[in-house]
file work_29.txt (compact mmCIF, C-alpha atoms)
# COMPACT_ATOMS: atom_id res chain seq x y z
CA MET W 24 -37.64 79.14 69.47
CA VAL W 25 -35.47 78.38 66.46
CA SER W 26 -33.48 81.17 64.86
CA PRO W 27 -32.92 80.98 61.07
CA ASN W 28 -29.45 80.57 59.65
CA ASN W 29 -28.58 83.87 58.07
CA GLU W 30 -24.97 83.02 57.23
CA LEU W 31 -24.36 82.58 53.53
CA ALA W 32 -20.73 81.48 53.81
CA TYR W 33 -19.51 77.98 54.70
CA ASN W 34 -19.98 77.38 58.42
CA SER W 35 -17.93 74.50 59.75
CA LYS W 36 -19.97 74.29 62.96
CA ILE W 37 -23.10 73.44 60.96
CA GLU W 38 -21.62 71.67 57.93
CA GLY W 39 -18.97 69.70 59.80
CA GLU W 40 -15.89 68.62 57.85
CA VAL W 41 -17.69 68.37 54.53
CA VAL W 42 -15.94 69.07 51.25
CA VAL W 43 -17.93 69.25 48.04
CA SER W 44 -16.31 67.96 44.87
CA ARG W 45 -16.96 65.90 41.71
CA ALA W 46 -17.03 62.12 42.01
CA ASP W 47 -14.43 61.80 39.21
CA ALA W 48 -12.00 64.06 41.03
CA VAL W 49 -12.38 62.20 44.32
CA ILE W 50 -12.18 58.69 42.87
CA ASN W 51 -9.23 59.57 40.65
CA TRP W 52 -7.46 61.28 43.54
CA ILE W 53 -7.81 58.13 45.64
CA ARG W 54 -6.72 55.81 42.83
CA THR W 55 -3.82 58.02 41.81
CA ASN W 56 -2.21 57.97 45.21
CA SER W 57 -2.69 54.36 46.17
CA ILE W 58 -1.61 52.29 43.19
CA TRP W 59 -0.77 48.79 44.36
CA PRO W 60 1.72 47.40 41.88
CA MET W 61 2.02 43.76 41.02
CA PRO W 62 5.69 43.07 40.24
CA MET W 63 5.69 40.74 37.22
CA GLY W 64 9.44 40.23 37.55
CA LEU W 65 10.69 38.02 34.72
CA ALA W 66 14.30 39.10 34.18
CA CYS W 67 16.95 41.65 35.17
CA CYS W 68 14.47 44.57 35.10
CA ALA W 69 13.02 43.10 38.29
CA ILE W 70 16.27 44.01 40.08
CA GLU W 71 15.79 47.66 39.14
CA LEU W 72 12.20 47.34 40.26
CA MET W 73 13.45 46.18 43.67
CA ALA W 74 15.78 49.17 43.79
CA VAL W 75 12.88 51.56 43.22
CA GLY W 76 11.25 50.24 46.37
CA ASN W 77 14.33 50.95 48.48
CA GLY W 78 14.90 54.11 50.49
CA ARG W 79 17.23 55.67 47.95
CA PHE W 80 14.52 55.96 45.26
CA ASP W 81 11.51 55.26 47.47
CA ILE W 82 8.43 54.60 45.36
CA SER W 83 6.34 55.10 48.53
CA ARG W 84 6.66 58.85 48.00
CA PHE W 85 4.11 58.31 45.22
CA GLY W 86 1.89 55.94 47.18
CA ALA W 87 2.83 52.86 45.17
CA GLU W 88 4.98 51.00 47.67
CA VAL W 89 2.49 48.24 48.46
CA MET W 90 3.87 45.59 46.10
CA ARG W 91 1.42 42.71 46.13
CA PHE W 92 2.45 39.36 44.76
CA SER W 93 -1.16 38.37 44.34
CA PRO W 94 -2.90 39.72 41.23
CA ARG W 95 -6.19 39.85 43.09
CA GLN W 96 -4.87 42.49 45.49
CA SER W 97 -3.15 44.74 42.99
CA ASP W 98 -4.17 47.12 40.26
CA CYS W 99 -1.03 47.92 38.27
CA MET W 100 0.98 45.13 36.67
CA ILE W 101 4.59 46.12 36.08
CA VAL W 102 5.93 43.69 33.47
CA ALA W 103 9.62 43.76 34.29
CA GLY W 104 11.56 41.55 31.94
CA THR W 105 11.58 39.27 28.93
CA VAL W 106 8.29 37.54 28.20
CA THR W 107 8.73 34.23 26.42
CA TYR W 108 5.98 32.68 24.35
CA LYS W 109 5.76 29.94 26.96
CA MET W 110 5.14 32.53 29.69
CA ALA W 111 2.81 34.78 27.66
CA PRO W 112 -0.46 32.86 28.30
CA MET W 113 0.33 32.79 32.03
CA LEU W 114 0.95 36.54 31.97
CA ARG W 115 -2.44 37.09 30.35
CA ARG W 116 -4.11 34.84 32.91
CA ILE W 117 -2.53 36.78 35.78
CA TYR W 118 -3.68 40.02 34.16
CA ASP W 119 -7.21 38.63 33.88
CA GLN W 120 -7.21 37.83 37.59
CA MET W 121 -6.53 41.44 38.55
CA MET W 122 -9.61 43.41 39.55
CA ALA W 123 -10.64 46.44 37.52
CA PRO W 124 -9.61 49.20 37.37
CA LYS W 125 -6.20 47.90 36.32
CA TRP W 126 -3.22 49.24 34.46
CA VAL W 127 -0.10 47.77 32.89
CA ILE W 128 3.40 49.25 32.73
CA ALA W 129 5.73 47.61 30.20
CA MET W 130 9.12 48.08 31.81
CA GLY W 131 12.21 47.99 29.64
CA ALA W 132 13.06 47.08 26.07
CA CYS W 133 12.08 43.40 26.32
CA ALA W 134 8.61 43.95 27.70
CA SER W 135 7.98 46.83 25.30
CA SER W 136 9.18 45.27 22.06
CA GLY W 137 11.04 42.02 22.66
CA GLY W 138 14.22 44.07 22.98
CA MET W 139 17.35 42.37 21.80
CA TYR W 140 15.59 39.01 21.75
CA ARG W 141 14.49 38.95 18.13
CA SER W 142 14.18 35.22 18.24
CA TYR W 143 11.80 32.29 18.05
CA SER W 144 11.18 32.12 21.80
CA THR W 145 10.36 35.69 22.81
CA LEU W 146 7.07 37.59 22.68
CA GLN W 147 7.78 40.69 20.57
CA GLY W 148 6.25 43.16 23.01
CA VAL W 149 3.85 42.51 25.85
CA ASP W 150 1.21 44.69 24.14
CA ARG W 151 0.52 41.73 21.88
CA ILE W 152 -1.18 39.98 24.77
CA VAL W 153 -2.26 42.64 27.35
CA PRO W 154 -3.21 46.32 26.94
CA VAL W 155 -0.30 48.56 28.01
CA ASP W 156 -0.69 52.03 29.53
CA VAL W 157 2.91 53.17 29.89
CA TYR W 158 6.10 51.95 28.20
CA ILE W 159 9.52 52.53 29.76
CA SER W 160 12.61 52.53 27.56
CA GLY W 161 15.94 51.27 28.80
CA CYS W 162 17.77 48.02 29.21
CA PRO W 163 17.18 47.95 32.12
CA PRO W 164 15.59 51.35 32.89
CA ARG W 165 16.97 53.46 35.74
CA PRO W 166 14.78 53.53 38.87
CA GLU W 167 14.08 57.20 38.13
CA ALA W 168 12.55 56.10 34.83
CA ILE W 169 10.17 53.82 36.70
CA LEU W 170 9.14 56.71 38.93
CA ASP W 171 8.64 58.84 35.82
CA ALA W 172 6.43 56.13 34.34
CA LEU W 173 4.46 55.99 37.56
CA ILE W 174 3.91 59.76 37.47
CA LYS W 175 2.80 59.48 33.84
CA LEU W 176 0.40 56.71 34.82
CA GLN W 177 -0.95 58.89 37.64
CA ALA W 178 -1.53 61.70 35.14
CA LYS W 179 -3.39 59.26 32.94
CA ILE W 180 -5.54 58.00 35.82
CA LYS W 181 -6.49 61.61 36.65
CA THR W 182 -8.05 62.01 33.21
CA GLU W 183 -10.26 58.92 33.42
CA ASN W 184 -14.07 59.12 33.65
CA SER W 185 -14.01 56.96 36.76
CA ALA W 186 -17.49 57.74 38.10
CA LYS W 187 -19.10 56.97 34.75
CA ASN W 188 -17.19 53.74 34.45
CA LEU W 189 -18.07 52.87 38.04
CA PHE W 190 -21.82 53.21 37.47
CA LYS W 191 -21.63 51.58 34.08
CA ALA W 192 -19.88 48.58 35.60
CA SER W 193 -22.46 48.20 38.40
CA ALA W 194 -25.49 48.63 36.09
CA MET E 27 44.85 8.08 36.42
CA THR E 28 45.11 10.81 33.78
CA ALA E 29 42.76 11.47 30.89
CA PRO E 30 45.14 10.14 28.17
CA ALA E 31 45.56 6.87 30.10
CA ALA E 32 41.79 6.57 30.47
CA ALA E 33 41.40 7.23 26.76
CA THR E 34 43.93 4.52 25.91
CA ALA E 35 42.20 2.02 28.17
CA LEU E 36 38.83 2.94 26.68
CA LYS E 37 40.12 2.39 23.15
CA GLU E 38 41.38 -1.07 24.15
CA LYS E 39 38.05 -2.04 25.68
CA PHE E 40 35.95 -0.53 22.88
CA PRO E 41 37.80 -1.14 19.59
CA GLN E 42 35.46 1.12 17.61
CA ALA E 43 36.50 4.14 19.68
CA THR E 44 38.85 6.57 17.91
CA ASP E 45 40.73 9.73 18.83
CA ARG E 46 39.00 12.99 18.06
CA VAL E 47 40.68 16.23 17.07
CA SER E 48 40.55 18.56 20.03
CA ALA E 49 41.97 21.97 20.92
CA ASP E 50 41.82 21.43 24.66
CA HIS E 51 40.81 18.23 26.47
CA VAL E 52 41.41 14.64 25.41
CA ALA E 53 38.53 13.69 23.12
CA LEU E 54 37.20 10.41 21.79
CA ASN E 55 34.65 9.23 19.26
CA VAL E 56 32.64 6.21 20.28
CA SER E 57 29.84 4.48 18.42
CA ALA E 58 26.26 5.19 19.47
CA ALA E 59 25.84 1.54 20.47
CA ASP E 60 28.81 1.73 22.87
CA VAL E 61 28.22 5.12 24.42
CA PHE E 62 26.37 3.98 27.53
CA ALA E 63 28.86 1.21 28.33
CA ALA E 64 31.83 3.46 27.57
CA LEU E 65 30.63 6.26 29.86
CA LYS E 66 29.78 3.80 32.62
CA TYR E 67 33.28 2.32 32.24
CA LEU E 68 34.80 5.81 32.56
CA ARG E 69 32.80 6.56 35.68
CA ASP E 70 33.37 3.21 37.42
CA GLU E 71 37.01 2.54 36.50
CA PHE E 72 38.48 6.02 36.09
CA ALA E 73 36.42 8.06 38.57
CA PHE E 74 34.87 10.39 36.01
CA ASP E 75 32.10 11.04 38.49
CA LEU E 76 30.76 14.34 37.16
CA LEU E 77 28.93 14.90 33.88
CA ALA E 78 29.93 18.51 33.27
CA ASP E 79 27.97 18.96 30.07
CA LEU E 80 25.84 17.10 27.60
CA THR E 81 24.98 18.73 24.30
CA ALA E 82 24.72 17.97 20.60
CA ILE E 83 25.92 19.22 17.22
CA ASP E 84 23.78 19.46 14.10
CA TRP E 85 26.10 19.15 11.08
CA SER E 86 23.17 20.38 8.90
CA GLU E 87 20.83 18.65 6.53
CA GLY E 88 22.27 16.26 3.99
CA VAL E 89 25.35 15.42 6.05
CA THR E 90 25.66 11.88 7.37
CA PRO E 91 25.94 11.36 10.29
CA ARG E 92 23.94 14.51 10.95
CA PHE E 93 23.78 14.61 14.76
CA THR E 94 26.63 14.16 17.22
CA VAL E 95 25.98 14.00 20.96
CA VAL E 96 28.84 15.41 23.06
CA TYR E 97 29.56 14.47 26.68
CA HIS E 98 32.04 16.35 28.85
CA VAL E 99 32.98 14.28 31.88
CA PHE E 100 35.10 15.46 34.80
CA SER E 101 36.85 13.58 37.57
CA THR E 102 36.58 15.38 40.91
CA SER E 103 39.36 13.24 42.38
CA HIS E 104 41.86 13.51 39.48
CA HIS E 105 40.77 16.96 38.30
CA THR E 106 40.75 16.06 34.64
CA TYR E 107 38.30 16.42 31.80
CA LEU E 108 37.47 14.04 28.99
CA ARG E 109 35.23 14.62 26.00
CA VAL E 110 33.26 11.75 24.50
CA CYS E 111 31.34 12.14 21.25
CA ALA E 112 28.86 9.78 19.62
CA ASP E 113 27.29 10.08 16.16
CA CYS E 114 23.58 9.28 16.06
CA VAL E 115 22.80 6.53 13.59
CA ASN E 116 19.51 7.81 12.20
CA ASP E 117 19.66 11.28 10.58
CA VAL E 118 15.88 11.78 10.42
CA ASP E 119 14.83 10.44 13.81
CA PRO E 120 18.08 10.46 15.78
CA SER E 121 18.34 8.60 19.05
CA VAL E 122 21.01 7.60 21.55
CA ALA E 123 21.02 5.80 24.90
CA SER E 124 20.20 7.91 27.94
CA VAL E 125 22.89 8.24 30.62
CA VAL E 126 20.51 9.20 33.42
CA ALA E 127 21.19 5.79 34.98
CA ILE E 128 24.89 6.75 35.25
CA TRP E 129 24.54 10.41 36.23
CA PRO E 130 21.06 11.48 37.40
CA GLY E 131 22.07 15.05 36.55
CA ALA E 132 21.88 14.15 32.87
CA ASN E 133 18.10 14.21 33.11
CA TRP E 134 17.53 17.88 32.31
CA HIS E 135 20.52 18.04 29.93
CA GLU E 136 18.96 15.32 27.82
CA ARG E 137 15.56 16.96 27.97
CA GLU E 138 17.07 20.20 26.72
CA CYS E 139 18.95 18.33 24.01
CA TYR E 140 15.71 16.67 22.94
CA ASP E 141 13.89 19.99 23.01
CA MET E 142 16.45 21.82 20.88
CA PHE E 143 17.65 19.09 18.48
CA GLY E 144 14.95 16.40 18.60
CA ILE E 145 17.39 13.70 19.61
CA LYS E 146 15.55 10.97 21.46
CA PHE E 147 17.28 9.52 24.51
CA SER E 148 16.05 5.96 24.88
CA GLU E 149 15.39 4.76 28.44
CA HIS E 150 15.07 8.36 29.62
CA PRO E 151 12.62 8.42 32.59
CA ASP E 152 10.79 11.60 31.56
CA LEU E 153 11.65 12.79 28.05
CA ARG E 154 9.55 15.94 27.70
CA ARG E 155 10.41 19.35 26.32
CA ILE E 156 12.02 21.58 28.93
CA LEU E 157 12.31 25.07 27.40
CA MET E 158 9.65 25.26 24.70
CA TRP E 159 6.07 24.26 25.47
CA ASP E 160 4.98 20.67 25.03
CA GLU E 161 3.02 21.13 21.79
CA TYR E 162 5.77 23.09 20.01
CA PRO E 163 6.28 21.38 16.66
CA HIS E 164 9.86 22.42 15.82
CA PHE E 165 13.39 21.84 17.11
CA PRO E 166 14.91 25.33 17.27
CA LEU E 167 18.64 24.55 17.25
CA ARG E 168 18.47 22.46 14.09
CA LYS E 169 20.27 24.16 11.22
CA GLU E 170 17.20 24.49 8.99
CA PHE E 171 15.25 26.35 11.72
CA PRO E 172 15.41 30.14 11.19
CA LEU E 173 16.57 32.31 14.11
CA ALA E 174 13.42 34.45 13.83
CA GLY E 175 11.23 31.40 14.34
CA ILE E 176 8.23 29.98 12.51
CA GLU E 177 4.63 31.10 13.04
CA THR E 178 3.05 28.75 15.58
CA PRO E 179 -0.12 28.89 17.67
CA LEU E 180 0.32 29.45 21.41
CA PRO E 181 -0.51 26.52 23.71
CA ASP E 182 -3.44 28.06 25.63
CA ALA E 183 -6.62 27.96 23.46
CA GLU E 184 -8.55 30.23 25.81
CA ILE E 185 -5.91 32.96 25.70
CA VAL E 186 -5.56 32.61 21.93
CA GLU E 187 -9.31 33.12 21.57
CA GLU E 188 -9.17 36.17 23.86
CA THR E 189 -6.14 37.90 22.40
CA GLY E 190 -5.53 36.37 18.97
CA ALA E 191 -1.85 36.18 19.86
CA LYS E 192 0.49 33.64 18.31
CA ALA E 193 4.19 32.93 18.16
CA ILE E 194 5.34 34.87 15.10
CA ALA E 195 8.53 34.98 13.10
CA ALA E 196 10.35 37.81 14.88
CA PRO E 197 10.98 40.88 12.71
CA MET E 198 14.71 40.79 12.11
CA MET E 199 15.07 44.43 10.95
CA GLY E 200 18.08 43.69 8.80
CA GLY E 201 19.61 41.43 11.46
CA PRO E 202 21.08 39.25 12.80
CA PHE E 203 22.82 41.87 14.88
CA VAL E 204 26.54 41.33 15.10
CA ALA E 205 29.26 43.18 16.97
CA ALA E 206 32.45 44.28 15.27
CA PRO E 207 35.07 43.37 17.87
CA GLU E 208 37.93 44.73 15.74
CA ALA E 209 36.48 48.27 15.82
CA ILE E 210 38.48 50.43 18.21
CA ASN E 211 35.67 52.95 18.63
CA LEU E 212 33.24 51.35 21.09
CA THR E 213 30.25 53.04 19.43
CA GLU E 214 31.10 51.33 16.17
CA ALA E 215 31.69 48.02 17.93
CA GLU E 216 28.06 47.93 19.15
CA PRO E 217 25.99 45.10 17.68
CA ARG E 218 24.15 46.36 14.62
CA ALA E 219 22.21 44.91 11.73
CA LYS E 220 24.27 43.63 8.84
CA ASP E 221 21.82 45.10 6.36
CA GLU E 222 20.05 48.24 7.55
CA SER E 223 18.41 49.00 4.19
CA TRP E 224 15.12 47.39 5.28
CA SER E 225 12.92 47.29 8.37
CA GLU E 226 9.45 46.28 9.51
CA ARG E 227 7.95 49.13 7.48
CA GLU E 228 10.13 48.93 4.39
CA GLU E 229 10.24 45.54 2.70
CA LYS E 230 13.53 43.81 2.17
CA PRO E 231 14.68 44.58 -1.40
CA GLU E 232 14.88 41.47 -3.56

call {"tool": "encode", "arguments": {"input": "work_29.txt", "output": "structure tokens"}}
result
Amino acid sequence: MVSPNNELAYNSKIEGEVVVSRADAVINWIRTNSIWPMPMGLACCAIELMAVGNGRFDISRFGAEVMRFSPRQSDCMIVAGTVTYKMAPMLRRIYDQMMAPKWVIAMGACASSGGMYRSYSTLQGVDRIVPVDVYISGCPPRPEAILDALIKLQAKIKTENSAKNLFKASA
Amino acid sequence: MTAPAAATALKEKFPQATDRVSADHVALNVSAADVFAALKYLRDEFAFDLLADLTAIDWSEGVTPRFTVVYHVFSTSHHTYLRVCADCVNDVDPSVASVVAIWPGANWHERECYDMFGIKFSEHPDLRRILMWDEYPHFPLRKEFPLAGIETPLPDAEIVEETGAKAIAAPMMGGPFVAAPEAINLTEAEPRAKDESWSEREEKPE
């Protein structure tokens, strides 16, 4: 004899640990809190980038402490430093090797605009060769500014139509 | 053995060598033909065993001789410096003997000198560009080369096709940016453009 379920409210004994949500919200929540940065350290900004990984500033509070030196294992390239024209094609190649979804943070004056290097040898802003999501001002920026950029990037990721892009990519 | 004594001995052995005006170390001019023998003589006889620096001067277009190669040699046993300078004979396609056979450390110095000034070092084992990419057509430290650079395609054809990027003449925004060291106020001493009346958006007034 089977008795019908008359309960209208959520019953954890029957439903288990199920949570209902939108795919966008879930995917973005996962991506937001596990950004694996790829430190593209090219100059003195890379030193500040190292500081942001240390306990004093602690980027792991935002889930982005897994710095991978392989582009294939990371999804956020932090361009930290001066990009010369000689390096620029390599930077683009490394970016192309990262798996989608991927983001770029241009860290500091040089990566954002060429900075003080208005000269024959320096790429006048990394956005001339890769798409940039967040720019950080400063020469070099404070570690707090990097954390702020990371939070801004997280806010941006939360607005993405991830599910749509996911199915579009697989179709 | 001191640097002046070495210089005197060098002038006796190489009669074309002359004294050079100098604010610090003893300095000599030698002819481009003698420079290898003269530097080898300094190393072997006077223990100038360290090539501290190798660079060049561009006296600008129209001046003859146009290029001068400068060697700073140091003796680690006598703790003395000597500067040797040699004018390149050809102003259009300058060349001088390589000293890599005397000091292997000269290798990258000469490559940089070739990269920046276009001075060819004959007998160099591997005379390639060292800072700019191999196909770069200009010599950036020559006087006629503008600081902002000259528009040039990037070396990687695939990336150029993908991005359309190229090496551009950098926007100078009224620069070059120079500091005013005599300003007492540090804010005013900051490097700033000499002419701030124009920018990327507003054309430079003629």

call {"tool": "atom_distance", "arguments": {"input": "work_29.txt", "atom1": "atom CA of E:Trp85", "atom2": "atom CA of E:Phe165"}}
result
14.3 Å

call {"tool": "closest_atom_pairs", "arguments": {"input": "work_29.txt", "of": "chain E", "to": "chain W", "cutoff": "8 Å", "atoms": "only C-alpha atoms", "output": "CSV"}}
result
residue,atom,partner,partner_atom,distance
E:Met158,CA,W:Lys109,CA,6.5
E:Trp159,CA,W:Lys109,CA,5.9
E:Pro166,CA,W:Tyr143,CA,7.7
E:Leu173,CA,W:Ser142,CA,5.6
E:Ala174,CA,W:Ser142,CA,4.5
E:Gly175,CA,W:Tyr143,CA,3.9
E:Ile176,CA,W:Tyr143,CA,7.0
E:Leu180,CA,W:Tyr108,CA,7.1
E:Pro181,CA,W:Pro112,CA,7.8
E:Asp182,CA,W:Pro112,CA,6.2
E:Ile185,CA,W:Pro112,CA,6.0
E:Thr189,CA,W:Ile152,CA,5.9
E:Ala191,CA,W:Ile152,CA,6.2
E:Ala193,CA,W:Tyr108,CA,6.4
E:Ile194,CA,W:Tyr143,CA,7.6
E:Ala195,CA,W:Tyr143,CA,6.5
E:Ala196,CA,W:Arg141,CA,5.4
E:Pro197,CA,W:Arg141,CA,6.7
E:Met198,CA,W:Arg141,CA,6.3

call {"tool": "write_last_selection", "arguments": {"input": "work_29.txt", "atoms": "C-alpha atoms", "output": "mmCIF file, in the frame of the given file"}}
result
data_model
loop_
_atom_site.group_PDB
_atom_site.id
_atom_site.type_symbol
_atom_site.label_atom_id
_atom_site.label_comp_id
_atom_site.auth_asym_id
_atom_site.auth_seq_id
_atom_site.Cartn_x
_atom_site.Cartn_y
_atom_site.Cartn_z
ATOM 1 C CA MET E 158 9.650 25.260 24.700
ATOM 2 C CA TRP E 159 6.070 24.260 25.470
ATOM 3 C CA PRO E 166 14.910 25.330 17.270
ATOM 4 C CA LEU E 173 16.570 32.310 14.110
ATOM 5 C CA ALA E 174 13.420 34.450 13.830
ATOM 6 C CA GLY E 175 11.230 31.400 14.340
ATOM 7 C CA ILE E 176 8.230 29.980 12.510
ATOM 8 C CA LEU E 180 0.320 29.450 21.410
ATOM 9 C CA PRO E 181 -0.510 26.520 23.710
ATOM 10 C CA ASP E 182 -3.440 28.060 25.630
ATOM 11 C CA ILE E 185 -5.910 32.960 25.700
ATOM 12 C CA THR E 189 -6.140 37.900 22.400
ATOM 13 C CA ALA E 191 -1.850 36.180 19.860
ATOM 14 C CA ALA E 193 4.190 32.930 18.160
ATOM 15 C CA ILE E 194 5.340 34.870 15.100
ATOM 16 C CA ALA E 195 8.530 34.980 13.100
ATOM 17 C CA ALA E 196 10.350 37.810 14.880
ATOM 18 C CA PRO E 197 10.980 40.880 12.710
ATOM 19 C CA MET E 198 14.710 40.790 12.110
#

call {"tool": "atom_distance", "arguments": {"input": "work_29.txt", "atom1": "atom CA of W:Ala87", "atom2": "atom CA of W:Ser44"}}
result
24.4 Å

call {"tool": "residues_around", "arguments": {"input": "work_29.txt", "residues": "stretch 148-152 of chain E", "least_positions_apart": "5", "cutoff": "9 Å", "atoms": "only C-alpha atoms", "output": "list in words"}}
result
Ser121, Val122, Ala123, Ser124, Val125, Val126, Ala127, Asn133, Glu136 and Arg137 of chain E

call {"tool": "closest_residue", "arguments": {"input": "work_29.txt", "among": "E:Val110, E:Ile156, E:Ala132, E:Leu68", "to": "E:Leu54", "atoms": "only C-alpha atoms"}}
result
E:Val110

call {"tool": "atom_distance", "arguments": {"input": "work_29.txt", "atom1": "atom CA of W:Ser135", "atom2": "atom CA of W:Tyr158"}}
result
6.2 Å

call {"tool": "closest_residue", "arguments": {"input": "work_29.txt", "among": "W:Val25, W:Ile82, W:Ala48, W:Cys68", "to": "W:Gly161", "atoms": "all atoms listed in the file"}}
result
W:Cys68

call {"tool": "closest_residue", "arguments": {"input": "work_29.txt", "among": "W:Trp52, W:Phe80, W:Phe92, W:Trp126", "to": "W:Glu167", "atoms": "only C-alpha atoms"}}
result
W:Phe80

call {"tool": "build_atoms", "arguments": {"input": "work_29.txt", "residues": "stretch 104-121 of chain E", "atoms": "N, CA, C and O atoms", "output": "CSV table (one decimal), keeping the file's coordinate frame"}}
result
chain,number,residue,atom,x,y,z
E,104,HIS,N,40.6,13.3,40.3
E,104,HIS,CA,41.9,13.5,39.5
E,104,HIS,C,41.9,14.9,38.8
E,104,HIS,O,42.9,15.2,38.2
E,105,HIS,N,40.8,15.6,38.9
E,105,HIS,CA,40.8,17.0,38.3
E,105,HIS,C,41.1,17.0,36.8
E,105,HIS,O,42.0,17.7,36.4
E,106,THR,N,40.5,16.1,36.1
E,106,THR,CA,40.8,16.1,34.6
E,106,THR,C,39.5,15.9,33.9
E,106,THR,O,38.5,15.3,34.3
E,107,TYR,N,39.5,16.5,32.7
E,107,TYR,CA,38.3,16.4,31.8
E,107,TYR,C,38.5,15.4,30.7
E,107,TYR,O,39.7,15.1,30.3
E,108,LEU,N,37.4,14.9,30.2
E,108,LEU,CA,37.5,14.0,29.0
E,108,LEU,C,36.2,14.3,28.2
E,108,LEU,O,35.1,14.5,28.7
E,109,ARG,N,36.4,14.4,26.9
E,109,ARG,CA,35.2,14.6,26.0
E,109,ARG,C,34.9,13.4,25.2
E,109,ARG,O,35.8,12.8,24.6
E,110,VAL,N,33.7,12.9,25.2
E,110,VAL,CA,33.3,11.8,24.5
E,110,VAL,C,32.2,12.2,23.5
E,110,VAL,O,31.2,12.8,23.9
E,111,CYS,N,32.3,11.8,22.3
E,111,CYS,CA,31.3,12.1,21.2
E,111,CYS,C,30.8,10.9,20.6
E,111,CYS,O,31.5,9.9,20.4
E,112,ALA,N,29.5,10.9,20.3
E,112,ALA,CA,28.9,9.8,19.6
E,112,ALA,C,28.0,10.3,18.5
E,112,ALA,O,27.1,11.1,18.7
E,113,ASP,N,28.2,9.7,17.3
E,113,ASP,CA,27.3,10.1,16.2
E,113,ASP,C,26.0,9.3,16.2
E,113,ASP,O,26.0,8.1,16.5
E,114,CYS,N,24.9,10.0,16.1
E,114,CYS,CA,23.6,9.3,16.1
E,114,CYS,C,23.4,8.6,14.7
E,114,CYS,O,23.8,9.1,13.7
E,115,VAL,N,22.9,7.4,14.8
E,115,VAL,CA,22.8,6.5,13.6
E,115,VAL,C,21.8,7.1,12.6
E,115,VAL,O,22.1,7.2,11.4
E,116,ASN,N,20.6,7.4,13.1
E,116,ASN,CA,19.5,7.8,12.2
E,116,ASN,C,19.5,9.3,12.0
E,116,ASN,O,19.5,10.1,13.0
E,117,ASP,N,19.6,9.8,10.8
E,117,ASP,CA,19.7,11.3,10.6
E,117,ASP,C,18.3,12.0,10.7
E,117,ASP,O,18.2,13.2,10.9
E,118,VAL,N,17.2,11.2,10.4
E,118,VAL,CA,15.9,11.8,10.4
E,118,VAL,C,15.3,11.7,11.8
E,118,VAL,O,14.7,12.7,12.3
E,119,ASP,N,15.4,10.6,12.5
E,119,ASP,CA,14.8,10.4,13.8
E,119,ASP,C,15.9,10.0,14.7
E,119,ASP,O,16.0,8.8,15.1
E,120,PRO,N,16.9,10.9,15.1
E,120,PRO,CA,18.1,10.5,15.8
E,120,PRO,C,17.8,10.0,17.2
E,120,PRO,O,16.9,10.6,17.9
E,121,SER,N,18.5,9.0,17.7
E,121,SER,CA,18.3,8.6,19.0
E,121,SER,C,19.7,8.1,19.6
E,121,SER,O,20.5,7.7,18.8
